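Dropping structure-v2.cif in here (mmCIF, C-alpha atoms and all ligand atoms):
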data_run
#
loop_
_atom_site.group_PDB
_atom_site.id
_atom_site.type_symbol
_atom_site.label_atom_id
_atom_site.label_comp_id
_atom_site.auth_asym_id
_atom_site.auth_seq_id
_atom_site.Cartn_x
_atom_site.Cartn_y
_atom_site.Cartn_z
ATOM 1 C CA MET H 1 86.727 -9.550 88.721
ATOM 2 C CA GLN H 2 82.997 -9.922 88.082
ATOM 3 C CA PRO H 3 81.167 -6.575 88.342
ATOM 4 C CA GLN H 4 78.844 -6.270 91.336
ATOM 5 C CA ALA H 5 75.847 -5.645 89.055
ATOM 6 C CA VAL H 6 76.450 -8.996 87.314
ATOM 7 C CA THR H 7 76.844 -10.819 90.636
ATOM 8 C CA LEU H 8 73.574 -9.317 91.822
ATOM 9 C CA ILE H 9 71.701 -10.360 88.674
ATOM 10 C CA ILE H 10 73.036 -13.920 88.885
ATOM 11 C CA GLU H 11 72.184 -14.195 92.604
ATOM 12 C CA GLU H 12 68.644 -13.031 91.870
ATOM 13 C CA HIS H 13 68.359 -15.563 89.048
ATOM 14 C CA ARG H 14 69.302 -18.310 91.521
ATOM 15 C CA ALA H 15 66.607 -17.157 93.950
ATOM 16 C CA LEU H 16 63.967 -16.884 91.191
ATOM 17 C CA ALA H 17 64.894 -20.356 89.881
ATOM 18 C CA THR H 18 64.590 -21.764 93.415
ATOM 19 C CA VAL H 19 61.071 -20.381 93.749
ATOM 20 C CA LEU H 20 60.146 -21.686 90.273
ATOM 21 C CA ARG H 21 61.354 -25.150 91.258
ATOM 22 C CA ALA H 22 59.412 -24.928 94.534
ATOM 23 C CA LEU H 23 56.256 -24.057 92.583
ATOM 24 C CA ARG H 24 56.749 -27.061 90.336
ATOM 25 C CA ARG H 25 57.432 -29.356 93.312
ATOM 26 C CA SER H 26 54.274 -28.267 95.172
ATOM 27 C CA VAL H 27 52.072 -28.843 92.135
ATOM 28 C CA ASP H 28 53.692 -32.216 91.347
ATOM 29 C CA LYS H 29 53.210 -33.292 94.958
ATOM 30 C CA ALA H 30 49.516 -32.356 94.860
ATOM 31 C CA ARG H 31 48.976 -34.301 91.628
ATOM 32 C CA LYS H 32 50.760 -37.407 92.901
ATOM 33 C CA SER H 33 49.067 -37.429 96.315
ATOM 34 C CA GLY H 34 45.620 -36.504 95.013
ATOM 35 C CA GLU H 35 45.449 -33.971 97.872
ATOM 36 C CA PRO H 36 44.888 -30.255 97.274
ATOM 37 C CA PRO H 37 48.089 -28.204 97.480
ATOM 38 C CA ASP H 38 48.771 -25.542 100.084
ATOM 39 C CA PHE H 39 47.108 -22.750 98.100
ATOM 40 C CA ASP H 40 48.424 -20.013 100.405
ATOM 41 C CA GLU H 41 51.958 -21.235 99.850
ATOM 42 C CA LEU H 42 51.504 -21.313 96.076
ATOM 43 C CA ARG H 43 50.072 -17.804 96.190
ATOM 44 C CA ALA H 44 53.068 -16.603 98.224
ATOM 45 C CA MET H 45 55.435 -18.029 95.590
ATOM 46 C CA LEU H 46 53.565 -16.331 92.724
ATOM 47 C CA PHE H 47 53.566 -13.110 94.741
ATOM 48 C CA TYR H 48 57.349 -13.397 95.080
ATOM 49 C CA MET H 49 57.749 -13.943 91.327
ATOM 50 C CA ASP H 50 55.603 -10.920 90.643
ATOM 51 C CA GLU H 51 57.167 -8.509 93.120
ATOM 52 C CA MET H 52 60.772 -9.594 93.082
ATOM 53 C CA ALA H 53 60.981 -10.133 89.337
ATOM 54 C CA ALA H 54 58.858 -7.178 88.245
ATOM 55 C CA ARG H 55 59.646 -4.455 90.732
ATOM 56 C CA VAL H 56 63.266 -5.152 91.490
ATOM 57 C CA HIS H 57 64.974 -7.466 89.034
ATOM 58 C CA HIS H 58 63.351 -6.451 85.735
ATOM 59 C CA ALA H 59 63.632 -2.778 86.683
ATOM 60 C CA ASN H 60 67.401 -3.123 87.127
ATOM 61 C CA GLU H 61 67.760 -4.865 83.799
ATOM 62 C CA SER H 62 65.299 -2.873 81.686
ATOM 63 C CA GLU H 63 66.099 0.591 83.024
ATOM 64 C CA LEU H 64 69.798 0.392 83.819
ATOM 65 C CA LEU H 65 71.674 -2.517 82.282
ATOM 66 C CA PHE H 66 69.980 -2.993 78.904
ATOM 67 C CA PRO H 67 70.098 0.697 77.833
ATOM 68 C CA LEU H 68 73.854 0.764 78.393
ATOM 69 C CA ILE H 69 74.356 -2.504 76.484
ATOM 70 C CA ARG H 70 72.248 -1.023 73.658
ATOM 71 C CA GLU H 71 74.629 1.931 73.433
ATOM 72 C CA ARG H 72 77.796 -0.133 73.478
ATOM 73 C CA CYS H 73 76.697 -3.138 71.435
ATOM 74 C CA PRO H 74 74.034 -2.519 68.759
ATOM 75 C CA ALA H 75 74.326 -6.143 67.579
ATOM 76 C CA LEU H 76 72.441 -7.150 70.730
ATOM 77 C CA TRP H 77 69.380 -4.994 69.994
ATOM 78 C CA PRO H 78 67.193 -7.861 68.703
ATOM 79 C CA VAL H 79 67.887 -10.057 71.736
ATOM 80 C CA LEU H 80 67.364 -7.119 74.122
ATOM 81 C CA ASP H 81 64.038 -6.349 72.425
ATOM 82 C CA ARG H 82 62.997 -9.949 72.952
ATOM 83 C CA LEU H 83 64.041 -9.926 76.618
ATOM 84 C CA LEU H 84 62.196 -6.652 77.260
ATOM 85 C CA ALA H 85 59.035 -8.045 75.661
ATOM 86 C CA GLU H 86 59.401 -11.143 77.875
ATOM 87 C CA HIS H 87 59.635 -8.932 80.985
ATOM 88 C CA GLY H 88 56.281 -7.397 80.051
ATOM 89 C CA ARG H 89 54.663 -10.733 79.219
ATOM 90 C CA GLY H 90 56.034 -12.383 82.379
ATOM 91 C CA GLU H 91 54.297 -9.806 84.518
ATOM 92 C CA SER H 92 50.865 -10.415 82.977
ATOM 93 C CA ALA H 93 51.513 -14.190 83.009
ATOM 94 C CA VAL H 94 51.775 -14.106 86.809
ATOM 95 C CA ARG H 95 48.361 -12.373 87.018
ATOM 96 C CA ASP H 96 46.889 -15.070 84.777
ATOM 97 C CA LEU H 97 48.475 -17.761 86.949
ATOM 98 C CA GLU H 98 47.006 -16.181 90.098
ATOM 99 C CA HIS H 99 43.585 -16.244 88.477
ATOM 100 C CA SER H 100 43.995 -19.838 87.339
ATOM 101 C CA LEU H 101 45.145 -20.876 90.825
ATOM 102 C CA MET H 102 42.061 -19.247 92.322
ATOM 103 C CA ALA H 103 39.950 -21.188 89.808
ATOM 104 C CA TRP H 104 41.570 -24.444 90.980
ATOM 105 C CA GLN H 105 40.935 -23.570 94.615
ATOM 106 C CA VAL H 106 37.298 -22.534 94.282
ATOM 107 C CA MET H 107 36.179 -24.720 91.351
ATOM 108 C CA GLY H 108 38.056 -27.862 92.325
ATOM 109 C CA ASP H 109 40.298 -30.400 90.684
ATOM 110 C CA GLU H 110 38.784 -29.997 87.198
ATOM 111 C CA ARG H 111 40.734 -26.722 86.987
ATOM 112 C CA ARG H 112 44.046 -28.194 88.165
ATOM 113 C CA GLU H 113 45.347 -29.255 84.779
ATOM 114 C CA ALA H 114 44.791 -25.817 83.235
ATOM 115 C CA PHE H 115 46.881 -24.271 86.029
ATOM 116 C CA GLU H 116 49.576 -26.925 85.672
ATOM 117 C CA LEU H 117 49.892 -26.360 81.926
ATOM 118 C CA MET H 118 50.077 -22.605 82.339
ATOM 119 C CA LEU H 119 52.598 -22.931 85.152
ATOM 120 C CA GLY H 120 54.760 -25.336 83.153
ATOM 121 C CA ALA H 121 54.927 -22.922 80.211
ATOM 122 C CA TYR H 122 55.725 -20.020 82.538
ATOM 123 C CA ILE H 123 58.526 -21.918 84.325
ATOM 124 C CA GLU H 124 60.123 -23.084 81.071
ATOM 125 C CA GLY H 125 59.847 -19.597 79.596
ATOM 126 C CA TYR H 126 61.345 -17.895 82.631
ATOM 127 C CA LEU H 127 64.226 -20.364 82.983
ATOM 128 C CA GLY H 128 64.974 -19.901 79.264
ATOM 129 C CA HIS H 129 64.892 -16.125 79.667
ATOM 130 C CA MET H 130 67.457 -16.230 82.480
ATOM 131 C CA GLU H 131 69.604 -18.651 80.485
ATOM 132 C CA VAL H 132 69.781 -16.218 77.542
ATOM 133 C CA GLU H 133 70.734 -13.384 79.898
ATOM 134 C CA GLU H 134 73.421 -15.400 81.660
ATOM 135 C CA SER H 135 74.931 -17.279 78.747
ATOM 136 C CA TYR H 136 74.729 -14.641 76.086
ATOM 137 C CA VAL H 137 73.878 -11.108 77.202
ATOM 138 C CA LEU H 138 76.009 -10.820 80.350
ATOM 139 C CA PRO H 139 79.185 -12.313 78.780
ATOM 140 C CA VAL H 140 78.872 -9.995 75.749
ATOM 141 C CA ALA H 141 78.207 -7.055 78.068
ATOM 142 C CA MET H 142 81.335 -7.898 80.054
ATOM 143 C CA ASP H 143 83.334 -7.783 76.819
ATOM 144 C CA TYR H 144 81.908 -4.508 75.559
ATOM 145 C CA LEU H 145 81.269 -2.385 78.667
ATOM 146 C CA SER H 146 84.178 -0.497 80.182
ATOM 147 C CA ALA H 147 85.262 -0.475 83.834
ATOM 148 C CA GLU H 148 83.669 2.998 84.095
ATOM 149 C CA ASP H 149 80.395 1.649 82.685
ATOM 150 C CA TRP H 150 80.351 -1.074 85.330
ATOM 151 C CA SER H 151 81.102 1.230 88.199
ATOM 152 C CA GLU H 152 78.313 3.534 86.971
ATOM 153 C CA LEU H 153 75.967 0.533 86.830
ATOM 154 C CA ASP H 154 76.992 -0.720 90.280
ATOM 155 C CA ALA H 155 76.212 2.723 91.714
ATOM 156 C CA ALA H 156 72.915 2.961 89.795
ATOM 157 C CA PHE H 157 71.806 -0.495 91.028
ATOM 158 C CA THR H 158 72.541 0.595 94.600
ATOM 159 C CA ARG H 159 70.681 3.901 94.102
ATOM 160 C CA GLN H 160 67.666 2.169 92.599
ATOM 161 C CA ARG H 161 67.493 -0.294 95.454
ATOM 162 C CA GLY H 162 67.859 2.550 97.961
ATOM 163 C CA ALA H 163 64.875 4.271 96.337
ATOM 164 C CA LEU H 164 62.646 1.236 96.871
ATOM 165 C CA GLU H 165 60.323 1.246 99.848
ATOM 166 C CA GLY H 166 62.351 0.735 103.016
ATOM 167 C CA SER H 167 61.576 -2.907 103.584
ATOM 168 C CA MET H 168 61.076 -3.965 99.945
ATOM 169 C CA THR H 169 64.169 -6.027 99.386
ATOM 170 C CA ARG H 170 64.520 -7.130 103.019
ATOM 171 C CA GLY H 171 60.869 -8.211 102.964
ATOM 172 C CA HIS H 172 61.456 -10.179 99.785
ATOM 173 C CA ARG H 173 64.423 -11.918 101.357
ATOM 174 C CA GLU H 174 62.304 -12.893 104.357
ATOM 175 C CA LEU H 175 59.559 -14.195 102.069
ATOM 176 C CA PHE H 176 62.135 -16.171 100.070
ATOM 177 C CA ASP H 177 63.519 -17.727 103.284
ATOM 178 C CA ARG H 178 59.998 -18.692 104.328
ATOM 179 C CA ILE H 179 59.259 -20.296 100.941
ATOM 180 C CA VAL H 180 62.506 -22.264 101.009
ATOM 181 C CA SER H 181 62.087 -23.423 104.607
ATOM 182 C CA ASN H 182 58.508 -24.609 103.870
ATOM 183 C CA GLN H 183 59.941 -26.722 101.078
ATOM 184 C CA LEU H 184 62.391 -28.559 103.289
ATOM 185 C CA PRO H 185 61.555 -32.258 103.610
ATOM 186 C CA THR H 186 59.968 -33.050 106.966
HETATM 187 FE FE FE B 201 65.354 -10.374 82.412
HETATM 188 FE FE FE B 202 67.298 -11.479 84.660
#
Write the structure described by the file as structure tokens, please.
Amino acid sequence: MQPQAVTLIIEEHRALATVLRALRRSVDKARKSGEPPDFDELRAMLFYMDEMAARVHHANESELLFPLIRERCPALWPVLDRLLAEHGRGESAVRDLEHSLMAWQVMGDERREAFELMLGAYIEGYLGHMEVEESYVLPVAMDYLSAEDWSELDAAFTRQRGALEGSMTRGHRELFDRIVSNQLPT
């Protein structure tokens, strides 16, 4: 049976990928229609990527899962180092994207392409990051970590989530639902 910690990581990847796709769709739609995008909606999506990825998802991976994989499987150190560095870079990339989006909004369409290019690189990078975790790191971890390791991790994930501000994860779920429902075709 798949450990709960793995299920949680994969579910969060699905949600993050959904928001990344929604970002891409909004920007594509604006380019094709020649109309400005819904900047507030784009900002909400970047906010989700920042908060959900940085404060919840990356924390679970960097502080709980990766250290245990490091202990059990030293061969994975180089890939874990790369993933950790990407967590750090992803967080500053979202700040840069927020700035670039603001530039598009206040300076006009001449700044659209710069945002699009930056967003495209961010989306590709983040999807690739999740792919490495799902196709390589998690399967190896499932081979090398014991049942005790997984039950320790499941408990630690639950504890870490419990220590987050009361409404943190519920609030993120509500924001995710809002983003997805705004994306539904009308
Ligand atoms: Fe990650
Ligand atoms: Fe991840």
ask   = Written as a ChimeraX atom specification, what is the full residue list that the PyMOL selection byres (((chain H and resi 18) around 12) and not hetatm) yields on the file shown?
value = /H:11-17,19-25,45,48-49,123,126-127,176-177,179-181,183
Evaluate the PyMOL selection byres (((not hetatm)) within 8 of (chain B and resi 202)) against this structure - the residues, as an mmCIF file with C-alpha atoms, in the frame of the given file, please.
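Generated file (selection_23.cif):
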data_model
loop_
_atom_site.group_PDB
_atom_site.id
_atom_site.type_symbol
_atom_site.label_atom_id
_atom_site.label_comp_id
_atom_site.auth_asym_id
_atom_site.auth_seq_id
_atom_site.Cartn_x
_atom_site.Cartn_y
_atom_site.Cartn_z
ATOM 1 C CA ILE H 9 71.701 -10.360 88.674
ATOM 2 C CA ILE H 10 73.036 -13.920 88.885
ATOM 3 C CA GLU H 12 68.644 -13.031 91.870
ATOM 4 C CA HIS H 13 68.359 -15.563 89.048
ATOM 5 C CA ALA H 53 60.981 -10.133 89.337
ATOM 6 C CA HIS H 57 64.974 -7.466 89.034
ATOM 7 C CA HIS H 58 63.351 -6.451 85.735
ATOM 8 C CA GLU H 61 67.760 -4.865 83.799
ATOM 9 C CA HIS H 129 64.892 -16.125 79.667
ATOM 10 C CA MET H 130 67.457 -16.230 82.480
ATOM 11 C CA GLU H 133 70.734 -13.384 79.898
ATOM 12 C CA GLU H 134 73.421 -15.400 81.660
#
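Closest to ligand FE 201 (chain B) among H:Ser62, H:Thr158, H:Gln2, H:Ser92 is H:Ser62, based on all atoms listed in the file.
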message = Show me, as a count of residues only, the residues that have an atom within 12 Å of Gln4 (chain H) when counting all atoms listed in the file, minus same-chain residues fewer than 4 positions from it.
response = 16
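Ranking H:Val137, H:Ala121, H:Leu101, H:Val27 by their shortest atom-to-atom distance to ligand FE 201 (chain B), with all atoms listed in the file included, puts H:Val137 first.
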task = Enumerate, as a PyMOL selection string, the residues matched when the PyMOL selection byres (((chain H and resi 67) around 12) and not hetatm) is run on the file above.
result = chain H and resi 59-66+68-74+76-77+80-81+84+141+145+149+153
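Here the question is which of H:Val94, H:Ala103, H:Leu119, H:Val56 gets nearest to ligand FE 201 (chain B) using all atoms listed in the file, and that residue is H:Val56.
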request  = Tell me which protein, DNA and RNA residues are within 12 Å of Asp96 (chain H), counting all atoms listed in the file, leaving out same-chain ones fewer than 3 positions away, and put them as a ChimeraX atom specification.
outcome  = /H:46,50,89-93,99-103,114-115,118-119,122
remark   = What separates CA of Gly108 (chain H) and CA of Phe47 (chain H) is a distance of 21.5 Å
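CA of Glu174 (chain H) is positioned 17.6 Å from CA of Gly162 (chain H).
Remark: for Val132 (chain H), the closest of the candidate residues H:Leu83, H:Pro3, H:Glu41, H:Gly34 is H:Leu83 (distances computed over all atoms listed in the file).
Across H:His87, H:Ala5, H:Ala75, H:Glu51, the tightest approach to Gly171 (chain H) is made by H:Glu51 when counting all atoms listed in the file.
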